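The next block is input00.txt, given as compact mmCIF, C-alpha atoms and all ligand atoms.
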```
# COMPACT_ATOMS: atom_id res chain seq x y z
CA MET A 28 31.40 8.99 -3.48
CA ASN A 29 31.25 11.43 -6.37
CA ILE A 30 32.76 10.36 -9.65
CA GLY A 31 33.52 12.45 -12.72
CA ILE A 32 33.69 10.87 -16.15
CA LEU A 33 35.86 12.16 -19.00
CA ALA A 34 34.71 10.97 -22.42
CA SER A 35 35.31 12.05 -26.01
CA GLY A 36 32.97 10.06 -28.20
CA ARG A 37 30.31 7.37 -28.32
CA GLY A 38 29.91 7.08 -24.56
CA SER A 39 28.78 3.48 -24.18
CA ASN A 40 30.96 2.99 -21.09
CA PHE A 41 29.62 6.23 -19.65
CA GLY A 42 26.07 4.96 -20.27
CA ALA A 43 26.87 1.63 -18.62
CA ILE A 44 28.26 3.30 -15.49
CA VAL A 45 25.20 5.55 -15.25
CA ALA A 46 22.95 2.48 -15.69
CA HIS A 47 24.76 0.72 -12.82
CA GLU A 48 24.16 3.78 -10.68
CA ARG A 49 20.49 4.17 -11.65
CA LEU A 50 19.75 0.47 -11.14
CA GLY A 51 21.20 0.67 -7.65
CA VAL A 52 24.01 -1.75 -8.55
CA LEU A 53 26.63 0.82 -7.65
CA ASP A 54 26.33 1.52 -3.96
CA ASP A 55 27.13 4.98 -2.59
CA VAL A 56 28.48 6.13 -5.99
CA ASP A 57 27.14 9.20 -7.73
CA VAL A 58 27.99 10.06 -11.34
CA SER A 59 28.33 13.78 -10.62
CA VAL A 60 29.60 15.21 -13.90
CA LEU A 61 30.58 14.35 -17.46
CA VAL A 62 33.39 16.30 -19.11
CA TYR A 63 33.59 15.99 -22.91
CA ASN A 64 35.89 17.65 -25.38
CA TYR A 65 34.00 17.62 -28.71
CA SER A 66 30.84 19.69 -28.93
CA ASP A 67 29.12 17.01 -31.05
CA ALA A 68 30.22 13.98 -29.02
CA PRO A 69 27.30 11.50 -28.74
CA VAL A 70 28.16 11.00 -25.06
CA ALA A 71 26.78 14.49 -24.33
CA LYS A 72 23.34 13.40 -25.56
CA ILE A 73 23.41 10.38 -23.24
CA ALA A 74 24.22 12.66 -20.29
CA GLU A 75 21.38 14.97 -21.25
CA THR A 76 18.87 12.11 -21.52
CA GLN A 77 20.02 10.66 -18.22
CA GLY A 78 20.06 14.04 -16.46
CA VAL A 79 23.77 13.92 -15.64
CA PRO A 80 25.37 17.40 -15.46
CA SER A 81 27.91 17.83 -18.24
CA ARG A 82 30.53 20.33 -19.25
CA PHE A 83 32.06 20.81 -22.70
CA ILE A 84 35.73 21.73 -22.45
CA ASP A 85 37.44 22.32 -25.77
CA HIS A 86 41.07 21.19 -26.07
CA ARG A 87 41.68 22.95 -29.36
CA ASN A 88 43.77 26.11 -29.78
CA ARG A 89 45.00 26.24 -26.21
CA ALA A 90 47.84 25.03 -24.04
CA ARG A 91 47.39 21.64 -22.41
CA GLN A 92 47.96 23.09 -18.92
CA GLU A 93 45.11 25.53 -19.40
CA PHE A 94 42.80 22.83 -20.76
CA GLU A 95 43.61 20.55 -17.84
CA ARG A 96 43.24 23.38 -15.32
CA GLU A 97 39.68 23.91 -16.51
CA ILE A 98 38.95 20.18 -16.20
CA ILE A 99 40.37 20.11 -12.66
CA GLU A 100 38.32 23.18 -11.68
CA THR A 101 35.18 21.52 -13.03
CA LEU A 102 35.88 18.25 -11.19
CA ASP A 103 36.60 20.19 -8.00
CA SER A 104 33.34 22.10 -8.27
CA TYR A 105 31.53 18.74 -8.18
CA ASN A 106 33.69 17.40 -5.34
CA VAL A 107 34.85 14.53 -7.53
CA GLU A 108 36.84 11.91 -5.67
CA LEU A 109 37.42 9.45 -8.51
CA VAL A 110 37.96 10.38 -12.16
CA CYS A 111 36.98 7.78 -14.76
CA LEU A 112 38.27 8.06 -18.29
CA ALA A 113 35.93 6.35 -20.72
CA GLY A 114 36.99 6.71 -24.32
CA TRP A 115 38.89 9.92 -23.52
CA ASP A 116 41.26 10.76 -26.36
CA ARG A 117 43.66 13.26 -24.73
CA ILE A 118 46.89 12.35 -23.00
CA ILE A 119 46.86 13.37 -19.36
CA GLY A 120 49.66 15.66 -18.18
CA SER A 121 51.72 15.44 -15.01
CA ASP A 122 49.74 18.15 -13.14
CA PHE A 123 46.58 16.16 -13.54
CA PHE A 124 48.31 12.95 -12.56
CA LYS A 125 49.80 14.56 -9.44
CA LYS A 126 46.43 15.83 -8.30
CA TYR A 127 44.57 12.59 -9.03
CA ARG A 128 47.35 10.15 -8.17
CA TRP A 129 45.63 6.76 -7.71
CA ARG A 130 42.30 8.56 -8.01
CA ALA A 131 41.95 8.34 -11.78
CA VAL A 132 41.18 5.20 -13.76
CA ASN A 133 40.83 4.21 -17.39
CA ILE A 134 39.55 1.27 -19.41
CA HIS A 135 41.41 -0.27 -22.32
CA PRO A 136 39.95 -2.83 -24.76
CA ALA A 137 42.80 -5.36 -24.49
CA LEU A 138 44.70 -7.27 -21.84
CA LEU A 139 47.43 -4.76 -20.99
CA PRO A 140 50.34 -4.61 -21.47
CA ALA A 141 49.38 -6.26 -24.77
CA PHE A 142 48.22 -3.83 -27.46
CA GLY A 143 48.67 -0.83 -25.21
CA GLU A 144 50.98 1.28 -27.35
CA LYS A 145 50.25 4.98 -27.57
CA GLY A 146 47.88 5.81 -30.38
CA LEU A 147 46.40 2.31 -30.45
CA ASN A 148 42.78 3.13 -29.78
CA ALA A 149 39.56 1.10 -29.68
CA GLY A 150 39.11 -0.34 -33.20
CA PHE A 151 42.85 -0.38 -33.85
CA VAL A 152 43.42 -2.39 -30.71
CA HIS A 153 41.11 -5.18 -31.91
CA GLU A 154 42.56 -5.03 -35.40
CA ALA A 155 46.06 -5.41 -33.95
CA ALA A 156 44.94 -8.36 -31.80
CA LEU A 157 43.38 -10.14 -34.80
CA GLU A 158 46.38 -9.32 -36.97
CA TYR A 159 48.77 -10.73 -34.38
CA GLY A 160 46.67 -13.85 -34.06
CA VAL A 161 46.35 -13.88 -30.29
CA LYS A 162 43.86 -16.44 -29.00
CA VAL A 163 42.74 -14.40 -26.01
CA THR A 164 42.14 -10.68 -25.66
CA GLY A 165 39.84 -8.80 -23.27
CA CYS A 166 39.75 -5.56 -21.33
CA THR A 167 41.64 -3.88 -18.52
CA VAL A 168 40.74 -1.25 -15.93
CA TYR A 169 43.82 0.46 -14.50
CA PHE A 170 44.95 3.51 -12.59
CA ILE A 171 46.32 6.09 -14.97
CA ASP A 172 49.74 7.57 -14.53
CA VAL A 173 51.96 9.61 -16.82
CA SER A 174 52.95 6.49 -18.78
CA VAL A 175 49.52 6.47 -20.50
CA GLU A 176 48.80 2.72 -20.70
CA LYS A 177 51.27 1.39 -18.14
CA GLY A 178 49.56 2.36 -14.90
CA PRO A 179 48.86 -0.30 -12.27
CA ILE A 180 46.22 -2.80 -13.31
CA ILE A 181 43.04 -3.09 -11.22
CA LEU A 182 40.94 -5.70 -13.04
CA GLN A 183 41.08 -7.64 -16.30
CA LYS A 184 38.56 -9.79 -18.11
CA PRO A 185 39.68 -12.22 -20.81
CA VAL A 186 37.67 -12.77 -23.99
CA GLU A 187 38.59 -15.70 -26.26
CA ILE A 188 38.93 -14.91 -29.94
CA ARG A 189 36.69 -17.13 -32.05
CA GLN A 190 37.84 -19.09 -35.07
CA LYS A 191 34.94 -17.38 -36.86
CA GLU A 192 36.51 -13.97 -36.22
CA THR A 193 39.97 -15.13 -37.28
CA SER A 194 38.66 -16.54 -40.58
CA LEU A 195 36.47 -13.52 -41.23
CA PHE A 196 39.42 -11.20 -40.63
CA SER A 197 41.14 -12.39 -43.82
CA VAL A 198 38.11 -11.58 -46.00
CA ASN A 199 36.38 -8.71 -44.19
CA ARG A 200 38.59 -6.96 -41.65
CA GLU A 201 36.02 -4.38 -40.66
CA GLN A 202 33.33 -6.91 -39.88
CA ALA A 203 35.68 -9.13 -37.89
CA VAL A 204 36.94 -6.15 -35.87
CA GLY A 205 33.33 -5.09 -35.25
CA MET A 206 32.35 -8.54 -33.99
CA LEU A 207 35.26 -8.78 -31.61
CA SER A 208 34.93 -5.22 -30.41
CA ASP A 209 31.25 -5.76 -29.55
CA ARG A 210 32.02 -8.89 -27.56
CA VAL A 211 34.76 -7.12 -25.62
CA LEU A 212 32.53 -4.10 -25.04
CA VAL A 213 29.94 -6.28 -23.32
CA GLN A 214 32.61 -7.17 -20.76
CA GLU A 215 33.97 -3.60 -20.53
CA HIS A 216 30.54 -2.40 -19.47
CA ARG A 217 30.50 -4.89 -16.60
CA LEU A 218 34.11 -4.65 -15.52
CA TYR A 219 34.35 -0.86 -15.22
CA SER A 220 31.62 -0.50 -12.62
CA LYS A 221 33.06 -3.35 -10.58
CA ALA A 222 36.39 -1.50 -10.39
CA ILE A 223 34.55 1.68 -9.36
CA GLN A 224 32.72 -0.15 -6.57
CA LEU A 225 35.97 -1.72 -5.35
CA TYR A 226 37.47 1.76 -5.20
CA ALA A 227 34.42 3.20 -3.42
CA ASP A 228 34.59 0.38 -0.87
CA LYS A 229 38.30 1.14 -0.30
CA LEU A 230 39.34 -2.31 -1.41
CA LEU A 231 42.13 -1.25 -3.76
CA HIS A 232 45.67 -0.66 -2.54
CA VAL A 233 48.59 0.38 -4.69
CA SER A 234 51.99 -0.80 -3.52
CA GLU A 235 55.40 -0.14 -5.00
CA PHE A 236 58.38 -2.42 -5.21
CA SER A 237 61.72 -2.25 -6.96
CA VAL A 238 62.59 -4.93 -9.43
CA GLU A 239 66.24 -3.90 -9.69
CA VAL A 240 68.40 -1.13 -8.29
CA GLY A 241 68.09 2.10 -10.27
CA ALA A 242 65.07 0.95 -12.27
CA SER A 243 61.77 2.76 -11.79
CA PRO A 244 59.58 0.94 -9.26
CA ARG A 245 56.74 -1.34 -10.31
CA ARG A 246 53.35 -0.48 -8.91
CA VAL A 247 50.88 -3.21 -8.23
CA VAL A 248 47.25 -3.05 -7.14
CA SER A 249 46.06 -5.50 -4.51
CA VAL A 250 42.32 -6.14 -4.56
CA HIS A 251 41.00 -6.86 -1.07
CA SER A 252 37.55 -8.16 -1.85
CA ASP A 253 36.51 -11.42 -0.19
CA SER A 254 34.07 -14.07 -1.37
CA VAL A 255 31.16 -12.39 0.44
CA TRP A 256 31.85 -9.12 -1.37
CA GLU A 257 32.23 -10.93 -4.71
CA LYS A 258 28.96 -12.81 -4.25
CA GLU A 259 27.05 -9.68 -3.27
CA TRP A 260 28.46 -7.80 -6.22
CA ALA A 261 27.54 -10.59 -8.64
CA LEU A 262 24.04 -10.65 -7.22
CA ARG A 263 23.58 -6.89 -7.49
CA GLN A 264 25.11 -6.72 -10.99
CA ARG A 265 22.60 -9.27 -12.28
CA LYS A 266 20.14 -6.41 -12.65
CA PHE A 267 22.48 -4.61 -15.00
CA ILE A 268 23.31 -7.78 -16.92
CA GLU A 269 19.62 -8.52 -17.49
CA ALA A 270 19.06 -5.01 -18.83
CA GLN A 271 22.22 -5.27 -20.94
CA ILE A 272 21.10 -8.57 -22.50
CA GLU A 273 17.77 -7.05 -23.44
CA SER A 274 19.25 -3.99 -25.07
CA TRP A 275 22.11 -5.80 -26.86
CA LYS A 276 19.79 -8.48 -28.22
CA SER A 277 17.68 -5.88 -29.91
CA SER A 278 20.43 -3.60 -31.15
CA THR A 279 23.45 -5.74 -32.16
CA ASN A 280 24.55 -9.03 -33.62
CA VAL A 281 26.10 -10.26 -30.39
CA SER A 282 24.58 -13.66 -29.71
CA GLU A 283 22.83 -14.38 -26.44
CA GLU A 284 25.50 -16.96 -25.64
CA ASP A 285 28.12 -14.18 -25.70
CA LEU A 286 26.10 -12.10 -23.31
CA LEU A 287 25.65 -14.76 -20.67
C1 LIG B 301 36.25 1.59 -25.34
O1 LIG B 301 36.52 0.46 -26.10
C2 LIG B 301 37.29 1.82 -24.29
O2 LIG B 301 37.87 0.64 -23.82
C3 LIG B 301 38.33 2.63 -25.03
O3 LIG B 301 37.60 3.45 -25.90
C4 LIG B 301 36.34 2.86 -26.19
C5 LIG B 301 35.31 3.88 -25.80
O4 LIG B 301 34.01 3.48 -26.13
N1 LIG B 301 39.18 3.35 -24.11
P1 LIG B 301 32.76 4.25 -25.54
O5 LIG B 301 32.92 5.71 -25.92
O6 LIG B 301 32.74 4.07 -24.07
O7 LIG B 301 31.58 3.64 -26.23
```
Represent the structure contained in this file as structure tokens.
Amino acid sequence: MNIGILASGRGSNFGAIVAHERLGVLDDVDVSVLVYNYSDAPVAKIAETQGVPSRFIDHRNRARQEFEREIIETLDSYNVELVCLAGWDRIIGSDFFKKYRWRAVNIHPALLPAFGEKGLNAGFVHEAALEYGVKVTGCTVYFIDVSVEKGPIILQKPVEIRQKETSLFSVNREQAVGMLSDRVLVQEHRLYSKAIQLYADKLLHVSEFSVEVGASPRRVVSVHSDSVWEKEWALRQRKFIEAQIESWKSSTNVSEEDLL
């Protein structure tokens, strides 16, 4: 299955998905193309180093339809079946959604629907969670639809907020946000590829039901993995986790305990 990744910035989720592919954790999944929308986005360098084809598509000074048409043409030329947004900072229009209905996913660094308001991105999400004083946050992989952050949820991973982060937040907001965001990111990097594999294995089904007459229907994802699938996935993903522990230990302040 060919996947296309849309990313705007740092690209750590992109890198993690590619690592899952290269380590053979992802089965029958090929990261076929990266689309990025800032010429200097660090994610483009990662694609270059990893030998993933990439295409720069500028969103500035043009109509959204035209920008999205170029993205769709690019994804089509690589026969992309699943589109993965990973730190993509543009809102997706209805044409794109129609074409990739239940074939486009995104990751959000909180437990949706909490802290999912439009414009609440990465760092701001963690700041809002610490400011609110929630005890648990985490990350969510979901199918995108026109509602931006309200599409049907595929997987979520909770991360408990530490007393250390809460206390630090009152004296050094930036540092506290950084600590929490790193700990959530560790989980994002694991969760996203699992959702991709579930999709590739055709284990995700979106169903609709009406809550009340006249209201728009709710859409819910059923995950049809069994314990054998879960065990095999956990076994395969160990390879990625070992590599992740090594690289995080040397490059960040995340403790080993948080990585296990
Ligand atoms: C991640 O926290 C992701 O959840 C959010 O944007 C951030 C992107 O980070 N949508 P990266 O570019 O993947 O490092």
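Near A:Val211, within 7 Å and counting only C-alpha atoms, sit A:Pro136, A:Gly165, A:Cys166, A:Val186; same-chain residues fewer than 6 positions away were not included.
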Selection from above, C-alpha atoms, as a PDB file, keeping the file's coordinate frame, can you write it?
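Generated file (selection.pdb):
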```pdb
ATOM      1  CA  PRO A 136      39.950  -2.830 -24.760  1.00  0.00           C
ATOM      2  CA  GLY A 165      39.840  -8.800 -23.270  1.00  0.00           C
ATOM      3  CA  CYS A 166      39.750  -5.560 -21.330  1.00  0.00           C
ATOM      4  CA  VAL A 186      37.670 -12.770 -23.990  1.00  0.00           C
TER       5      VAL A 186
END
```
Can you pull out the residues contacting stretch 106-115 of chain A? Cut-off 9 Å, using all atoms listed in the file, and skip same-chain residues under 6 positions away; I want them as a PDB file with C-alpha atoms, keeping the file's coordinate frame.
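Saved file part.pdb follows:
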```pdb
ATOM      1  CA  MET A  28      31.400   8.990  -3.480  1.00  0.00           C
ATOM      2  CA  ASN A  29      31.250  11.430  -6.370  1.00  0.00           C
ATOM      3  CA  ILE A  30      32.760  10.360  -9.650  1.00  0.00           C
ATOM      4  CA  GLY A  31      33.520  12.450 -12.720  1.00  0.00           C
ATOM      5  CA  ILE A  32      33.690  10.870 -16.150  1.00  0.00           C
ATOM      6  CA  LEU A  33      35.860  12.160 -19.000  1.00  0.00           C
ATOM      7  CA  ALA A  34      34.710  10.970 -22.420  1.00  0.00           C
ATOM      8  CA  SER A  35      35.310  12.050 -26.010  1.00  0.00           C
ATOM      9  CA  GLY A  36      32.970  10.060 -28.200  1.00  0.00           C
ATOM     10  CA  ARG A  37      30.310   7.370 -28.320  1.00  0.00           C
ATOM     11  CA  GLY A  38      29.910   7.080 -24.560  1.00  0.00           C
ATOM     12  CA  SER A  39      28.780   3.480 -24.180  1.00  0.00           C
ATOM     13  CA  ASN A  40      30.960   2.990 -21.090  1.00  0.00           C
ATOM     14  CA  PHE A  41      29.620   6.230 -19.650  1.00  0.00           C
ATOM     15  CA  SER A  59      28.330  13.780 -10.620  1.00  0.00           C
ATOM     16  CA  VAL A  60      29.600  15.210 -13.900  1.00  0.00           C
ATOM     17  CA  TYR A  63      33.590  15.990 -22.910  1.00  0.00           C
ATOM     18  CA  ASN A  64      35.890  17.650 -25.380  1.00  0.00           C
ATOM     19  CA  TYR A 127      44.570  12.590  -9.030  1.00  0.00           C
ATOM     20  CA  TRP A 129      45.630   6.760  -7.710  1.00  0.00           C
ATOM     21  CA  ARG A 130      42.300   8.560  -8.010  1.00  0.00           C
ATOM     22  CA  ALA A 131      41.950   8.340 -11.780  1.00  0.00           C
ATOM     23  CA  VAL A 132      41.180   5.200 -13.760  1.00  0.00           C
ATOM     24  CA  ASN A 133      40.830   4.210 -17.390  1.00  0.00           C
ATOM     25  CA  ILE A 134      39.550   1.270 -19.410  1.00  0.00           C
ATOM     26  CA  HIS A 135      41.410  -0.270 -22.320  1.00  0.00           C
ATOM     27  CA  ASN A 148      42.780   3.130 -29.780  1.00  0.00           C
ATOM     28  CA  ALA A 149      39.560   1.100 -29.680  1.00  0.00           C
ATOM     29  CA  ILE A 171      46.320   6.090 -14.970  1.00  0.00           C
ATOM     30  CA  ILE A 223      34.550   1.680  -9.360  1.00  0.00           C
ATOM     31  CA  TYR A 226      37.470   1.760  -5.200  1.00  0.00           C
ATOM     32  CA  ALA A 227      34.420   3.200  -3.420  1.00  0.00           C
TER      33      ALA A 227
END
```
**Prompt:** Which neighbours of A:Val213 fall inside 12 Å, counting all atoms listed in the file, when residues of the same chain fewer than 5 positions from it are skipped, and could you give them as a ChimeraX atom specification?
**Reply:** /A:39-40,43,136,165-166,184-186,206-208,218-219,267-268,270-272,274-276,279-287
* Hey, what's within 12 Å of A:Thr164 if we count only C-alpha atoms and toss same-chain stuff fewer than 4 positions away? As a PyMOL selection string, please? -> chain A and resi 135-143+152-157+159-160+183-189+207-208+210-212+214-215
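Picture a line from atom CA of A:Arg217 to atom CA of A:Lys191; it runs 24.2 Å.
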If you count only C-alpha atoms, the residue of A:Glu48, A:Glu158, A:Asp122, A:Asp54 closest to A:Leu225 turns out to be A:Asp54
Please write out, as AutoDock Vina command-line options, where the centre of an axis-aligned box around all listed atoms of stretch 153-159 of chain A lies and how long its edges are, in Å to one decimal, after adding 6 Å on each side.
```
--center_x 44.9 --center_y -7.9 --center_z -34.4 --size_x 19.7 --size_y 17.7 --size_z 17.2
```
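Interatomic distance, atom CA of A:Thr167 to atom CA of A:Ile44: 15.5 Å.
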Min atom-atom distance to A:Ser220 from the set A:Arg263, A:Lys125, A:Arg96, A:Arg89, counting all atoms listed in the file, belongs to A:Arg263
field: Shell around A:Gly78 at 12 Å using all atoms listed in the file, local window under 5 positions removed, as a PyMOL selection string
entry: chain A and resi 42+45-46+49+58-61+71-73
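Among the candidate residues A:Ile119, A:Ala68, A:Leu53, A:Val247, the one lying nearest to A:Ser174 is A:Ile119, with distances computed using only C-alpha atoms.
Atom pair atom CA of A:Phe124 / atom CA of A:Phe170 has a distance of 10.0 Å (rounded to one decimal).
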Using all atoms listed in the file, the best pick from A:Ala90, A:Ile99, A:Val168, A:Val79 as closest to ligand LIG 301 (chain B) would be A:Val168
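Distance annotation: of A:Gly120, A:Pro179, A:Pro80, A:Gly205, the residue with the minimal separation from ligand LIG 301 (chain B) is A:Gly205; atom set is all atoms listed in the file.
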